[in-house]
Amino acid sequence: MSSPATQRASAINSGSVVDTTVRILTFRATREELESLGVRHLVVGLIFAWIVGIGRYYDNDRVGWLQHLGVGSVVYVLLLSLFLWLIIWPLRPRSWSYLKVAAFISLVSPPAILYAIPVEFLFSVEIANTWNAIFLAIVATWRVALLIFFLRRLGRLDWLKVGIATMLPLTIIVVTLTVLNLEKVVFNLMGGLREPTANDASYTVLVGLTYLSLLMFIPLVICYGVLVARTIAARRNVNPYWPEGMDE
């Protein structure tokens, strides 16, 4: 007779990727399900990202053909996953691998289908801009909450590490875009904004978030450095041969 652990593993393996996606998006995925994320989840997740990417840019004549074909969204998922995997890895989350991170990031793509709603054809430019900003806020908040869920349930990080691991990557992205003077372009493309006006309230909110990110950047980097140093010291105390024991 098989053990309960074996039965749970069998149930997870037999479950569909779509079921797992639904449980992830509704914060109900178990740690065993998150640990089981693999190639098949990544493939299906990238298909989700591809479809969402086509829907996001189908009516935007300001982007290139790669975005219209959804390829840009697939590449974005893979690069974002690599960025998150690398920056969070020094905090030593449990069961941390690029494949799991990439599968998870790809599976949280479906909410972005909100961007495909053709509000530009239903409302005036001002109202459409507002709705697109609302959709952007909903998707962004949902995904950040899911990342926190992922870091807690799979990575088993404490709340301080989760806070730093969540805020620092976002801050780095915003600061980098600010330095490159691309923040407005990215916001318009992600939210599907058209012909923004000088009185665009959504852009005002973005500017406020940009300034907040600039103020938080250095403190977050310092906190991140301290946490990484403490993590290394703790592991050295447990295993004097670290980093040979890093793969535990």
# chains A, B, ... in the order shown; residues from 1 in each chain; ligands from 1
call {"tool": "closest_atom_pairs", "arguments": {"of": "stretch 49-107 of chain A", "to": "stretch 218-234 of chain A", "cutoff": "8 Å", "atoms": "only C-alpha atoms", "output": "Markdown table"}}
result
| residue | atom | partner | partner_atom | distance |
| --- | --- | --- | --- | --- |
| A:Pro90 | CA | A:Val228 | CA | 5.9 |
| A:Leu91 | CA | A:Val228 | CA | 5.6 |
| A:Arg92 | CA | A:Thr231 | CA | 7.4 |
call {"tool": "residues_around", "arguments": {"residues": "A:Gly53", "least_positions_apart": "3", "cutoff": "6 Å", "atoms": "only C-alpha atoms", "output": "list of chain:residue names"}}
result
A:Ala49, A:Trp50, A:Arg56, A:Gly70, A:Ser73
call {"tool": "atom_distance", "arguments": {"atom1": "atom CA of A:Pro110", "atom2": "atom CA of A:Arg152"}}
result
21.8 Å
call {"tool": "atom_distance", "arguments": {"atom1": "atom CA of A:Trp65", "atom2": "atom CA of A:Ile113"}}
result
18.9 Å
call {"tool": "closest_residue", "arguments": {"among": "A:Pro93, A:Gly208, A:Pro169, A:Gly72", "to": "A:Leu157", "atoms": "only C-alpha atoms"}}
result
A:Pro93
